[in-house]
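Visitor: This is coords25.pdb, which holds PDB, N, CA and C atoms, pLDDT in the B column:
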ATOM      1  N   MET A 169      30.074 281.121  60.104  1.00 62.00           N
ATOM      2  CA  MET A 169      29.075 280.551  60.955  1.00 62.00           C
ATOM      3  C   MET A 169      28.340 279.465  60.170  1.00 62.00           C
ATOM      4  N   LEU A 170      28.105 278.334  60.816  1.00 66.00           N
ATOM      5  CA  LEU A 170      27.367 277.237  60.208  1.00 66.00           C
ATOM      6  C   LEU A 170      25.876 277.379  60.519  1.00 66.00           C
ATOM      7  N   PRO A 171      25.023 276.949  59.595  1.00 79.00           N
ATOM      8  CA  PRO A 171      23.586 277.015  59.874  1.00 79.00           C
ATOM      9  C   PRO A 171      23.131 275.971  60.890  1.00 79.00           C
ATOM     10  N   GLY A 172      23.927 274.952  61.125  1.00 89.00           N
ATOM     11  CA  GLY A 172      23.591 273.909  62.084  1.00 89.00           C
ATOM     12  C   GLY A 172      24.767 272.959  62.212  1.00 89.00           C
ATOM     13  N   LEU A 173      24.651 272.007  63.106  1.00 93.00           N
ATOM     14  CA  LEU A 173      25.710 271.027  63.296  1.00 93.00           C
ATOM     15  C   LEU A 173      25.694 269.991  62.173  1.00 93.00           C
ATOM     16  N   ILE A 174      26.852 269.381  61.923  1.00 92.00           N
ATOM     17  CA  ILE A 174      26.990 268.362  60.893  1.00 92.00           C
ATOM     18  C   ILE A 174      27.482 267.083  61.558  1.00 92.00           C
ATOM     19  N   ASP A 175      26.771 265.981  61.334  1.00 93.00           N
ATOM     20  CA  ASP A 175      27.194 264.671  61.833  1.00 93.00           C
ATOM     21  C   ASP A 175      27.673 263.876  60.628  1.00 93.00           C
ATOM     22  N   CYS A 176      28.972 263.653  60.548  1.00 93.00           N
ATOM     23  CA  CYS A 176      29.575 263.002  59.377  1.00 93.00           C
ATOM     24  C   CYS A 176      29.714 261.492  59.526  1.00 93.00           C
ATOM     25  N   HIS A 177      29.139 260.913  60.565  1.00 93.00           N
ATOM     26  CA  HIS A 177      29.207 259.455  60.727  1.00 93.00           C
ATOM     27  C   HIS A 177      27.898 258.970  61.320  1.00 93.00           C
ATOM     28  N   THR A 178      26.939 258.685  60.453  1.00 91.00           N
ATOM     29  CA  THR A 178      25.638 258.199  60.908  1.00 91.00           C
ATOM     30  C   THR A 178      25.329 256.851  60.267  1.00 91.00           C
ATOM     31  N   HIS A 179      24.336 256.190  60.818  1.00 89.00           N
ATOM     32  CA  HIS A 179      23.815 254.941  60.268  1.00 89.00           C
ATOM     33  C   HIS A 179      22.300 255.105  60.240  1.00 89.00           C
ATOM     34  N   LEU A 180      21.818 255.861  59.273  1.00 86.00           N
ATOM     35  CA  LEU A 180      20.413 256.251  59.234  1.00 86.00           C
ATOM     36  C   LEU A 180      19.419 255.093  59.148  1.00 86.00           C
ATOM     37  N   PRO A 181      19.663 254.057  58.341  1.00 86.00           N
ATOM     38  CA  PRO A 181      18.646 253.017  58.238  1.00 86.00           C
ATOM     39  C   PRO A 181      18.538 252.118  59.471  1.00 86.00           C
ATOM     40  N   SER A 182      19.534 252.131  60.346  1.00 85.00           N
ATOM     41  CA  SER A 182      19.520 251.188  61.466  1.00 85.00           C
ATOM     42  C   SER A 182      18.683 251.706  62.631  1.00 85.00           C
ATOM     43  N   VAL A 183      17.981 250.775  63.254  1.00 86.00           N
ATOM     44  CA  VAL A 183      17.232 251.049  64.475  1.00 86.00           C
ATOM     45  C   VAL A 183      17.730 250.031  65.493  1.00 86.00           C
ATOM     46  N   PRO A 184      18.525 250.456  66.472  1.00 86.00           N
ATOM     47  CA  PRO A 184      19.114 249.520  67.421  1.00 86.00           C
ATOM     48  C   PRO A 184      18.071 248.613  68.082  1.00 86.00           C
ATOM     49  N   GLY A 185      18.334 247.309  68.055  1.00 86.00           N
ATOM     50  CA  GLY A 185      17.460 246.333  68.691  1.00 86.00           C
ATOM     51  C   GLY A 185      16.267 245.888  67.878  1.00 86.00           C
ATOM     52  N   SER A 186      16.075 246.447  66.700  1.00 85.00           N
ATOM     53  CA  SER A 186      14.884 246.121  65.910  1.00 85.00           C
ATOM     54  C   SER A 186      14.832 244.657  65.491  1.00 85.00           C
ATOM     55  N   VAL A 187      15.967 244.045  65.245  1.00 83.00           N
ATOM     56  CA  VAL A 187      15.995 242.641  64.845  1.00 83.00           C
ATOM     57  C   VAL A 187      15.472 241.756  65.974  1.00 83.00           C
ATOM     58  N   PHE A 188      15.857 242.077  67.190  1.00 89.00           N
ATOM     59  CA  PHE A 188      15.431 241.275  68.340  1.00 89.00           C
ATOM     60  C   PHE A 188      13.952 241.477  68.655  1.00 89.00           C
ATOM     61  N   ARG A 189      13.427 242.666  68.366  1.00 88.00           N
ATOM     62  CA  ARG A 189      12.018 242.957  68.629  1.00 88.00           C
ATOM     63  C   ARG A 189      11.125 242.568  67.456  1.00 88.00           C
ATOM     64  N   GLU A 190      11.726 242.119  66.354  1.00 87.00           N
ATOM     65  CA  GLU A 190      10.989 241.735  65.144  1.00 87.00           C
ATOM     66  C   GLU A 190      10.046 242.858  64.709  1.00 87.00           C
ATOM     67  N   GLU A 191      10.614 244.032  64.519  1.00 88.00           N
ATOM     68  CA  GLU A 191       9.849 245.227  64.149  1.00 88.00           C
ATOM     69  C   GLU A 191       9.187 245.074  62.785  1.00 88.00           C
ATOM     70  N   THR A 192       8.027 245.691  62.642  1.00 90.00           N
ATOM     71  CA  THR A 192       7.368 245.749  61.338  1.00 90.00           C
ATOM     72  C   THR A 192       7.988 246.891  60.538  1.00 90.00           C
ATOM     73  N   GLU A 193       7.749 246.891  59.248  1.00 88.00           N
ATOM     74  CA  GLU A 193       8.272 247.958  58.389  1.00 88.00           C
ATOM     75  C   GLU A 193       7.720 249.316  58.818  1.00 88.00           C
ATOM     76  N   ARG A 194       6.457 249.355  59.193  1.00 90.00           N
ATOM     77  CA  ARG A 194       5.824 250.607  59.638  1.00 90.00           C
ATOM     78  C   ARG A 194       6.467 251.119  60.930  1.00 90.00           C
ATOM     79  N   SER A 195       6.733 250.201  61.847  1.00 90.00           N
ATOM     80  CA  SER A 195       7.374 250.576  63.112  1.00 90.00           C
ATOM     81  C   SER A 195       8.786 251.103  62.881  1.00 90.00           C
ATOM     82  N   LEU A 196       9.517 250.455  61.973  1.00 88.00           N
ATOM     83  CA  LEU A 196      10.873 250.933  61.653  1.00 88.00           C
ATOM     84  C   LEU A 196      10.832 252.345  61.097  1.00 88.00           C
ATOM     85  N   ARG A 197       9.914 252.606  60.168  1.00 87.00           N
ATOM     86  CA  ARG A 197       9.794 253.961  59.588  1.00 87.00           C
ATOM     87  C   ARG A 197       9.475 254.983  60.673  1.00 87.00           C
ATOM     88  N   SER A 198       8.599 254.624  61.578  1.00 89.00           N
ATOM     89  CA  SER A 198       8.230 255.537  62.656  1.00 89.00           C
ATOM     90  C   SER A 198       9.442 255.860  63.533  1.00 89.00           C
ATOM     91  N   GLN A 199      10.221 254.842  63.869  1.00 89.00           N
ATOM     92  CA  GLN A 199      11.400 255.063  64.698  1.00 89.00           C
ATOM     93  C   GLN A 199      12.470 255.848  63.951  1.00 89.00           C
ATOM     94  N   GLN A 200      12.620 255.594  62.652  1.00 88.00           N
ATOM     95  CA  GLN A 200      13.584 256.361  61.860  1.00 88.00           C
ATOM     96  C   GLN A 200      13.167 257.829  61.798  1.00 88.00           C
ATOM     97  N   LEU A 201      11.883 258.091  61.667  1.00 89.00           N
ATOM     98  CA  LEU A 201      11.396 259.471  61.668  1.00 89.00           C
ATOM     99  C   LEU A 201      11.707 260.138  63.008  1.00 89.00           C
ATOM    100  N   GLN A 202      11.516 259.420  64.106  1.00 91.00           N
ATOM    101  CA  GLN A 202      11.839 259.969  65.423  1.00 91.00           C
ATOM    102  C   GLN A 202      13.326 260.284  65.544  1.00 91.00           C
ATOM    103  N   GLN A 203      14.171 259.420  64.956  1.00 90.00           N
ATOM    104  CA  GLN A 203      15.614 259.673  64.976  1.00 90.00           C
ATOM    105  C   GLN A 203      15.941 260.948  64.213  1.00 90.00           C
ATOM    106  N   MET A 204      15.291 261.153  63.069  1.00 89.00           N
ATOM    107  CA  MET A 204      15.541 262.370  62.282  1.00 89.00           C
ATOM    108  C   MET A 204      15.098 263.613  63.061  1.00 89.00           C
ATOM    109  N   LYS A 205      13.967 263.514  63.742  1.00 91.00           N
ATOM    110  CA  LYS A 205      13.504 264.641  64.556  1.00 91.00           C
ATOM    111  C   LYS A 205      14.465 264.907  65.708  1.00 91.00           C
ATOM    112  N   ALA A 206      15.045 263.846  66.266  1.00 92.00           N
ATOM    113  CA  ALA A 206      16.007 264.009  67.364  1.00 92.00           C
ATOM    114  C   ALA A 206      17.261 264.736  66.878  1.00 92.00           C
ATOM    115  N   TYR A 207      17.704 264.415  65.652  1.00 92.00           N
ATOM    116  CA  TYR A 207      18.844 265.148  65.090  1.00 92.00           C
ATOM    117  C   TYR A 207      18.536 266.644  65.057  1.00 92.00           C
ATOM    118  N   LEU A 208      17.380 266.995  64.531  1.00 91.00           N
ATOM    119  CA  LEU A 208      17.016 268.416  64.432  1.00 91.00           C
ATOM    120  C   LEU A 208      16.901 269.061  65.806  1.00 91.00           C
ATOM    121  N   ALA A 209      16.316 268.349  66.756  1.00 93.00           N
ATOM    122  CA  ALA A 209      16.166 268.888  68.108  1.00 93.00           C
ATOM    123  C   ALA A 209      17.523 269.153  68.748  1.00 93.00           C
ATOM    124  N   ALA A 210      18.529 268.369  68.360  1.00 93.00           N
ATOM    125  CA  ALA A 210      19.883 268.548  68.904  1.00 93.00           C
ATOM    126  C   ALA A 210      20.686 269.575  68.110  1.00 93.00           C
ATOM    127  N   GLY A 211      20.091 270.147  67.057  1.00 93.00           N
ATOM    128  CA  GLY A 211      20.784 271.163  66.279  1.00 93.00           C
ATOM    129  C   GLY A 211      21.537 270.624  65.077  1.00 93.00           C
ATOM    130  N   VAL A 212      21.386 269.335  64.790  1.00 94.00           N
ATOM    131  CA  VAL A 212      22.062 268.733  63.638  1.00 94.00           C
ATOM    132  C   VAL A 212      21.172 268.908  62.413  1.00 94.00           C
ATOM    133  N   THR A 213      21.665 269.644  61.427  1.00 91.00           N
ATOM    134  CA  THR A 213      20.883 269.896  60.218  1.00 91.00           C
ATOM    135  C   THR A 213      21.431 269.168  58.999  1.00 91.00           C
ATOM    136  N   THR A 214      22.615 268.562  59.119  1.00 90.00           N
ATOM    137  CA  THR A 214      23.234 267.849  58.003  1.00 90.00           C
ATOM    138  C   THR A 214      23.833 266.555  58.532  1.00 90.00           C
ATOM    139  N   VAL A 215      23.530 265.440  57.837  1.00 90.00           N
ATOM    140  CA  VAL A 215      24.093 264.143  58.223  1.00 90.00           C
ATOM    141  C   VAL A 215      24.696 263.472  56.996  1.00 90.00           C
ATOM    142  N   LEU A 216      25.654 262.590  57.247  1.00 91.00           N
ATOM    143  CA  LEU A 216      26.279 261.818  56.171  1.00 91.00           C
ATOM    144  C   LEU A 216      26.280 260.359  56.572  1.00 91.00           C
ATOM    145  N   ASP A 217      25.693 259.534  55.738  1.00 90.00           N
ATOM    146  CA  ASP A 217      25.739 258.080  55.905  1.00 90.00           C
ATOM    147  C   ASP A 217      26.345 257.543  54.619  1.00 90.00           C
ATOM    148  N   ALA A 218      27.641 257.262  54.640  1.00 89.00           N
ATOM    149  CA  ALA A 218      28.364 256.877  53.425  1.00 89.00           C
ATOM    150  C   ALA A 218      27.911 255.545  52.862  1.00 89.00           C
ATOM    151  N   ALA A 219      27.277 254.708  53.658  1.00 88.00           N
ATOM    152  CA  ALA A 219      26.849 253.392  53.178  1.00 88.00           C
ATOM    153  C   ALA A 219      25.341 253.300  52.997  1.00 88.00           C
ATOM    154  N   ALA A 220      24.677 254.425  52.929  1.00 87.00           N
ATOM    155  CA  ALA A 220      23.219 254.424  52.819  1.00 87.00           C
ATOM    156  C   ALA A 220      22.771 253.863  51.468  1.00 87.00           C
ATOM    157  N   PRO A 221      21.771 252.985  51.488  1.00 87.00           N
ATOM    158  CA  PRO A 221      21.240 252.474  50.220  1.00 87.00           C
ATOM    159  C   PRO A 221      20.441 253.566  49.501  1.00 87.00           C
ATOM    160  N   ALA A 222      20.341 253.457  48.203  1.00 87.00           N
ATOM    161  CA  ALA A 222      19.626 254.465  47.405  1.00 87.00           C
ATOM    162  C   ALA A 222      18.169 254.589  47.836  1.00 87.00           C
ATOM    163  N   SER A 223      17.575 253.504  48.304  1.00 86.00           N
ATOM    164  CA  SER A 223      16.167 253.538  48.723  1.00 86.00           C
ATOM    165  C   SER A 223      15.947 254.450  49.931  1.00 86.00           C
ATOM    166  N   LEU A 224      16.993 254.729  50.668  1.00 84.00           N
ATOM    167  CA  LEU A 224      16.870 255.593  51.845  1.00 84.00           C
ATOM    168  C   LEU A 224      16.472 257.018  51.462  1.00 84.00           C
ATOM    169  N   PHE A 225      16.897 257.474  50.301  1.00 83.00           N
ATOM    170  CA  PHE A 225      16.569 258.837  49.877  1.00 83.00           C
ATOM    171  C   PHE A 225      15.067 259.019  49.727  1.00 83.00           C
ATOM    172  N   ALA A 226      14.391 258.008  49.172  1.00 85.00           N
ATOM    173  CA  ALA A 226      12.938 258.078  49.039  1.00 85.00           C
ATOM    174  C   ALA A 226      12.275 258.071  50.411  1.00 85.00           C
ATOM    175  N   THR A 227      12.813 257.296  51.336  1.00 83.00           N
ATOM    176  CA  THR A 227      12.271 257.236  52.691  1.00 83.00           C
ATOM    177  C   THR A 227      12.385 258.591  53.373  1.00 83.00           C
ATOM    178  N   VAL A 228      13.550 259.211  53.268  1.00 82.00           N
ATOM    179  CA  VAL A 228      13.769 260.520  53.895  1.00 82.00           C
ATOM    180  C   VAL A 228      12.872 261.578  53.249  1.00 82.00           C
ATOM    181  N   ALA A 229      12.713 261.528  51.945  1.00 84.00           N
ATOM    182  CA  ALA A 229      11.815 262.475  51.266  1.00 84.00           C
ATOM    183  C   ALA A 229      10.379 262.279  51.756  1.00 84.00           C
ATOM    184  N   GLY A 230      10.012 261.035  52.038  1.00 83.00           N
ATOM    185  CA  GLY A 230       8.683 260.762  52.577  1.00 83.00           C
ATOM    186  C   GLY A 230       8.512 261.340  53.966  1.00 83.00           C
ATOM    187  N   PHE A 231       9.566 261.340  54.773  1.00 80.00           N
ATOM    188  CA  PHE A 231       9.511 261.936  56.107  1.00 80.00           C
ATOM    189  C   PHE A 231       9.188 263.415  56.004  1.00 80.00           C
ATOM    190  N   GLU A 232       9.805 264.073  55.026  1.00 76.00           N
ATOM    191  CA  GLU A 232       9.562 265.515  54.859  1.00 76.00           C
ATOM    192  C   GLU A 232       8.088 265.774  54.563  1.00 76.00           C
ATOM    193  N   LYS A 233       7.484 264.941  53.745  1.00 76.00           N
ATOM    194  CA  LYS A 233       6.073 265.095  53.409  1.00 76.00           C
ATOM    195  C   LYS A 233       5.174 264.808  54.610  1.00 76.00           C
ATOM    196  N   GLU A 234       5.593 263.844  55.453  1.00 73.00           N
ATOM    197  CA  GLU A 234       4.797 263.477  56.629  1.00 73.00           C
ATOM    198  C   GLU A 234       4.793 264.568  57.689  1.00 73.00           C
ATOM    199  N   THR A 235       5.866 265.341  57.757  1.00 67.00           N
ATOM    200  CA  THR A 235       5.995 266.334  58.828  1.00 67.00           C
ATOM    201  C   THR A 235       5.522 267.721  58.431  1.00 67.00           C
ATOM    202  N   THR A 236       5.191 267.920  57.160  1.00 62.00           N
ATOM    203  CA  THR A 236       4.725 269.257  56.737  1.00 62.00           C
ATOM    204  C   THR A 236       3.243 269.313  56.581  1.00 62.00           C
TER     205      THR A 236
END
Can you turn what I pasted into structure tokens?

Guide:
Amino acid sequence: MLPGLIDCHTHLPSVPGSVFREETERSLRSQQLQQMKAYLAAGVTTVLDAAAPASLFATVAGFEKETT
């Protein structure tokens, strides 16, 4: 039994349409946090983004601090 679903093909840093809306950095972080919450709400507890930049790890760690 798995503890949750696994999504092995994600694009975590991307926010669809953000370039056209000229999003601010704060707005992008907020939308990325919402995407992470949506994964959890759908039962996905593990994701893989093979092309994720190293800076993304700090961003995700910051999300954990924001939600606790």

Visitor: Evaluating the PyMOL selection byres ((chain A and resi 206-221) around 6) on the displayed file yields which residues, as a compact mmCIF listing (two decimals) with N, CA and C atoms, in the coordinates of the input?

Guide:
# COMPACT_ATOMS: atom_id res chain seq x y z
N GLY A 172 23.93 274.95 61.12
CA GLY A 172 23.59 273.91 62.08
C GLY A 172 24.77 272.96 62.21
N LEU A 173 24.65 272.01 63.11
CA LEU A 173 25.71 271.03 63.30
C LEU A 173 25.69 269.99 62.17
N ILE A 174 26.85 269.38 61.92
CA ILE A 174 26.99 268.36 60.89
C ILE A 174 27.48 267.08 61.56
N ASP A 175 26.77 265.98 61.33
CA ASP A 175 27.19 264.67 61.83
C ASP A 175 27.67 263.88 60.63
N CYS A 176 28.97 263.65 60.55
CA CYS A 176 29.58 263.00 59.38
C CYS A 176 29.71 261.49 59.53
N HIS A 177 29.14 260.91 60.56
CA HIS A 177 29.21 259.46 60.73
C HIS A 177 27.90 258.97 61.32
N THR A 178 26.94 258.68 60.45
CA THR A 178 25.64 258.20 60.91
C THR A 178 25.33 256.85 60.27
N HIS A 179 24.34 256.19 60.82
CA HIS A 179 23.82 254.94 60.27
C HIS A 179 22.30 255.10 60.24
N LEU A 180 21.82 255.86 59.27
CA LEU A 180 20.41 256.25 59.23
C LEU A 180 19.42 255.09 59.15
N LEU A 201 11.88 258.09 61.67
CA LEU A 201 11.40 259.47 61.67
C LEU A 201 11.71 260.14 63.01
N GLN A 202 11.52 259.42 64.11
CA GLN A 202 11.84 259.97 65.42
C GLN A 202 13.33 260.28 65.54
N GLN A 203 14.17 259.42 64.96
CA GLN A 203 15.61 259.67 64.98
C GLN A 203 15.94 260.95 64.21
N MET A 204 15.29 261.15 63.07
CA MET A 204 15.54 262.37 62.28
C MET A 204 15.10 263.61 63.06
N LYS A 205 13.97 263.51 63.74
CA LYS A 205 13.50 264.64 64.56
C LYS A 205 14.46 264.91 65.71
N ALA A 222 20.34 253.46 48.20
CA ALA A 222 19.63 254.46 47.40
C ALA A 222 18.17 254.59 47.84
N SER A 223 17.58 253.50 48.30
CA SER A 223 16.17 253.54 48.72
C SER A 223 15.95 254.45 49.93
N LEU A 224 16.99 254.73 50.67
CA LEU A 224 16.87 255.59 51.84
C LEU A 224 16.47 257.02 51.46
N PHE A 225 16.90 257.47 50.30
CA PHE A 225 16.57 258.84 49.88
C PHE A 225 15.07 259.02 49.73

Visitor: DSSP on the backbone, then: every residue of chain A marked strand (DSSP E or B), written as a CSV table (one decimal) with N, CA and C atoms, keeping the file's coordinate frame.

Guide:
chain,number,residue,atom,x,y,z
A,173,LEU,N,24.7,272.0,63.1
A,173,LEU,CA,25.7,271.0,63.3
A,173,LEU,C,25.7,270.0,62.2
A,174,ILE,N,26.9,269.4,61.9
A,174,ILE,CA,27.0,268.4,60.9
A,174,ILE,C,27.5,267.1,61.6
A,175,ASP,N,26.8,266.0,61.3
A,175,ASP,CA,27.2,264.7,61.8
A,175,ASP,C,27.7,263.9,60.6
A,212,VAL,N,21.4,269.3,64.8
A,212,VAL,CA,22.1,268.7,63.6
A,212,VAL,C,21.2,268.9,62.4
A,213,THR,N,21.7,269.6,61.4
A,213,THR,CA,20.9,269.9,60.2
A,213,THR,C,21.4,269.2,59.0
A,214,THR,N,22.6,268.6,59.1
A,214,THR,CA,23.2,267.8,58.0
A,214,THR,C,23.8,266.6,58.5
A,215,VAL,N,23.5,265.4,57.8
A,215,VAL,CA,24.1,264.1,58.2
A,215,VAL,C,24.7,263.5,57.0

Visitor: Could you tell me how far atom CA of A:Arg197 sits from atom CA of A:Lys233, in Å to one decimal place?

Guide: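 Here the two named atoms are 13.3 Å from each other.
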
Visitor: Mind pulling up the distance from atom N of A:Pro171 to atom N of A:Thr227?

Guide: 24.6 Å

Visitor: Which parts of chain A does DSSP call alpha helix (DSSP H) when run on the backbone here, written out as a PDB file with N, CA and C atoms, in the frame of the given file?

Guide:
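Output below, filename result.pdb:
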ATOM      1  N   SER A 186      16.075 246.447  66.700  1.00 85.00           N
ATOM      2  CA  SER A 186      14.884 246.121  65.910  1.00 85.00           C
ATOM      3  C   SER A 186      14.832 244.657  65.491  1.00 85.00           C
ATOM      4  N   VAL A 187      15.967 244.045  65.245  1.00 83.00           N
ATOM      5  CA  VAL A 187      15.995 242.641  64.845  1.00 83.00           C
ATOM      6  C   VAL A 187      15.472 241.756  65.974  1.00 83.00           C
ATOM      7  N   PHE A 188      15.857 242.077  67.190  1.00 89.00           N
ATOM      8  CA  PHE A 188      15.431 241.275  68.340  1.00 89.00           C
ATOM      9  C   PHE A 188      13.952 241.477  68.655  1.00 89.00           C
ATOM     10  N   ARG A 189      13.427 242.666  68.366  1.00 88.00           N
ATOM     11  CA  ARG A 189      12.018 242.957  68.629  1.00 88.00           C
ATOM     12  C   ARG A 189      11.125 242.568  67.456  1.00 88.00           C
ATOM     13  N   GLU A 193       7.749 246.891  59.248  1.00 88.00           N
ATOM     14  CA  GLU A 193       8.272 247.958  58.389  1.00 88.00           C
ATOM     15  C   GLU A 193       7.720 249.316  58.818  1.00 88.00           C
ATOM     16  N   ARG A 194       6.457 249.355  59.193  1.00 90.00           N
ATOM     17  CA  ARG A 194       5.824 250.607  59.638  1.00 90.00           C
ATOM     18  C   ARG A 194       6.467 251.119  60.930  1.00 90.00           C
ATOM     19  N   SER A 195       6.733 250.201  61.847  1.00 90.00           N
ATOM     20  CA  SER A 195       7.374 250.576  63.112  1.00 90.00           C
ATOM     21  C   SER A 195       8.786 251.103  62.881  1.00 90.00           C
ATOM     22  N   LEU A 196       9.517 250.455  61.973  1.00 88.00           N
ATOM     23  CA  LEU A 196      10.873 250.933  61.653  1.00 88.00           C
ATOM     24  C   LEU A 196      10.832 252.345  61.097  1.00 88.00           C
ATOM     25  N   ARG A 197       9.914 252.606  60.168  1.00 87.00           N
ATOM     26  CA  ARG A 197       9.794 253.961  59.588  1.00 87.00           C
ATOM     27  C   ARG A 197       9.475 254.983  60.673  1.00 87.00           C
ATOM     28  N   SER A 198       8.599 254.624  61.578  1.00 89.00           N
ATOM     29  CA  SER A 198       8.230 255.537  62.656  1.00 89.00           C
ATOM     30  C   SER A 198       9.442 255.860  63.533  1.00 89.00           C
ATOM     31  N   GLN A 199      10.221 254.842  63.869  1.00 89.00           N
ATOM     32  CA  GLN A 199      11.400 255.063  64.698  1.00 89.00           C
ATOM     33  C   GLN A 199      12.470 255.848  63.951  1.00 89.00           C
ATOM     34  N   GLN A 200      12.620 255.594  62.652  1.00 88.00           N
ATOM     35  CA  GLN A 200      13.584 256.361  61.860  1.00 88.00           C
ATOM     36  C   GLN A 200      13.167 257.829  61.798  1.00 88.00           C
ATOM     37  N   LEU A 201      11.883 258.091  61.667  1.00 89.00           N
ATOM     38  CA  LEU A 201      11.396 259.471  61.668  1.00 89.00           C
ATOM     39  C   LEU A 201      11.707 260.138  63.008  1.00 89.00           C
ATOM     40  N   GLN A 202      11.516 259.420  64.106  1.00 91.00           N
ATOM     41  CA  GLN A 202      11.839 259.969  65.423  1.00 91.00           C
ATOM     42  C   GLN A 202      13.326 260.284  65.544  1.00 91.00           C
ATOM     43  N   GLN A 203      14.171 259.420  64.956  1.00 90.00           N
ATOM     44  CA  GLN A 203      15.614 259.673  64.976  1.00 90.00           C
ATOM     45  C   GLN A 203      15.941 260.948  64.213  1.00 90.00           C
ATOM     46  N   MET A 204      15.291 261.153  63.069  1.00 89.00           N
ATOM     47  CA  MET A 204      15.541 262.370  62.282  1.00 89.00           C
ATOM     48  C   MET A 204      15.098 263.613  63.061  1.00 89.00           C
ATOM     49  N   LYS A 205      13.967 263.514  63.742  1.00 91.00           N
ATOM     50  CA  LYS A 205      13.504 264.641  64.556  1.00 91.00           C
ATOM     51  C   LYS A 205      14.465 264.907  65.708  1.00 91.00           C
ATOM     52  N   ALA A 206      15.045 263.846  66.266  1.00 92.00           N
ATOM     53  CA  ALA A 206      16.007 264.009  67.364  1.00 92.00           C
ATOM     54  C   ALA A 206      17.261 264.736  66.878  1.00 92.00           C
ATOM     55  N   TYR A 207      17.704 264.415  65.652  1.00 92.00           N
ATOM     56  CA  TYR A 207      18.844 265.148  65.090  1.00 92.00           C
ATOM     57  C   TYR A 207      18.536 266.644  65.057  1.00 92.00           C
ATOM     58  N   LEU A 208      17.380 266.995  64.531  1.00 91.00           N
ATOM     59  CA  LEU A 208      17.016 268.416  64.432  1.00 91.00           C
ATOM     60  C   LEU A 208      16.901 269.061  65.806  1.00 91.00           C
ATOM     61  N   ALA A 209      16.316 268.349  66.756  1.00 93.00           N
ATOM     62  CA  ALA A 209      16.166 268.888  68.108  1.00 93.00           C
ATOM     63  C   ALA A 209      17.523 269.153  68.748  1.00 93.00           C
ATOM     64  N   SER A 223      17.575 253.504  48.304  1.00 86.00           N
ATOM     65  CA  SER A 223      16.167 253.538  48.723  1.00 86.00           C
ATOM     66  C   SER A 223      15.947 254.450  49.931  1.00 86.00           C
ATOM     67  N   LEU A 224      16.993 254.729  50.668  1.00 84.00           N
ATOM     68  CA  LEU A 224      16.870 255.593  51.845  1.00 84.00           C
ATOM     69  C   LEU A 224      16.472 257.018  51.462  1.00 84.00           C
ATOM     70  N   PHE A 225      16.897 257.474  50.301  1.00 83.00           N
ATOM     71  CA  PHE A 225      16.569 258.837  49.877  1.00 83.00           C
ATOM     72  C   PHE A 225      15.067 259.019  49.727  1.00 83.00           C
ATOM     73  N   ALA A 226      14.391 258.008  49.172  1.00 85.00           N
ATOM     74  CA  ALA A 226      12.938 258.078  49.039  1.00 85.00           C
ATOM     75  C   ALA A 226      12.275 258.071  50.411  1.00 85.00           C
ATOM     76  N   THR A 227      12.813 257.296  51.336  1.00 83.00           N
ATOM     77  CA  THR A 227      12.271 257.236  52.691  1.00 83.00           C
ATOM     78  C   THR A 227      12.385 258.591  53.373  1.00 83.00           C
ATOM     79  N   VAL A 228      13.550 259.211  53.268  1.00 82.00           N
ATOM     80  CA  VAL A 228      13.769 260.520  53.895  1.00 82.00           C
ATOM     81  C   VAL A 228      12.872 261.578  53.249  1.00 82.00           C
ATOM     82  N   ALA A 229      12.713 261.528  51.945  1.00 84.00           N
ATOM     83  CA  ALA A 229      11.815 262.475  51.266  1.00 84.00           C
ATOM     84  C   ALA A 229      10.379 262.279  51.756  1.00 84.00           C
ATOM     85  N   GLY A 230      10.012 261.035  52.038  1.00 83.00           N
ATOM     86  CA  GLY A 230       8.683 260.762  52.577  1.00 83.00           C
ATOM     87  C   GLY A 230       8.512 261.340  53.966  1.00 83.00           C
ATOM     88  N   PHE A 231       9.566 261.340  54.773  1.00 80.00           N
ATOM     89  CA  PHE A 231       9.511 261.936  56.107  1.00 80.00           C
ATOM     90  C   PHE A 231       9.188 263.415  56.004  1.00 80.00           C
ATOM     91  N   GLU A 232       9.805 264.073  55.026  1.00 76.00           N
ATOM     92  CA  GLU A 232       9.562 265.515  54.859  1.00 76.00           C
ATOM     93  C   GLU A 232       8.088 265.774  54.563  1.00 76.00           C
ATOM     94  N   LYS A 233       7.484 264.941  53.745  1.00 76.00           N
ATOM     95  CA  LYS A 233       6.073 265.095  53.409  1.00 76.00           C
ATOM     96  C   LYS A 233       5.174 264.808  54.610  1.00 76.00           C
ATOM     97  N   GLU A 234       5.593 263.844  55.453  1.00 73.00           N
ATOM     98  CA  GLU A 234       4.797 263.477  56.629  1.00 73.00           C
ATOM     99  C   GLU A 234       4.793 264.568  57.689  1.00 73.00           C
ATOM    100  N   THR A 235       5.866 265.341  57.757  1.00 67.00           N
ATOM    101  CA  THR A 235       5.995 266.334  58.828  1.00 67.00           C
ATOM    102  C   THR A 235       5.522 267.721  58.431  1.00 67.00           C
TER     103      THR A 235
END

Visitor: Once you add 5 Å to each side, what are the centre and edge lengths of the axis-aligned box holding all listed atoms of stretch 204-222 of chain A? One decimal in Å, as JSON, if you can.

Guide:
{"center_x": 20.9, "center_y": 261.8, "center_z": 58.2, "size_x": 24.9, "size_y": 28.7, "size_z": 31.5}
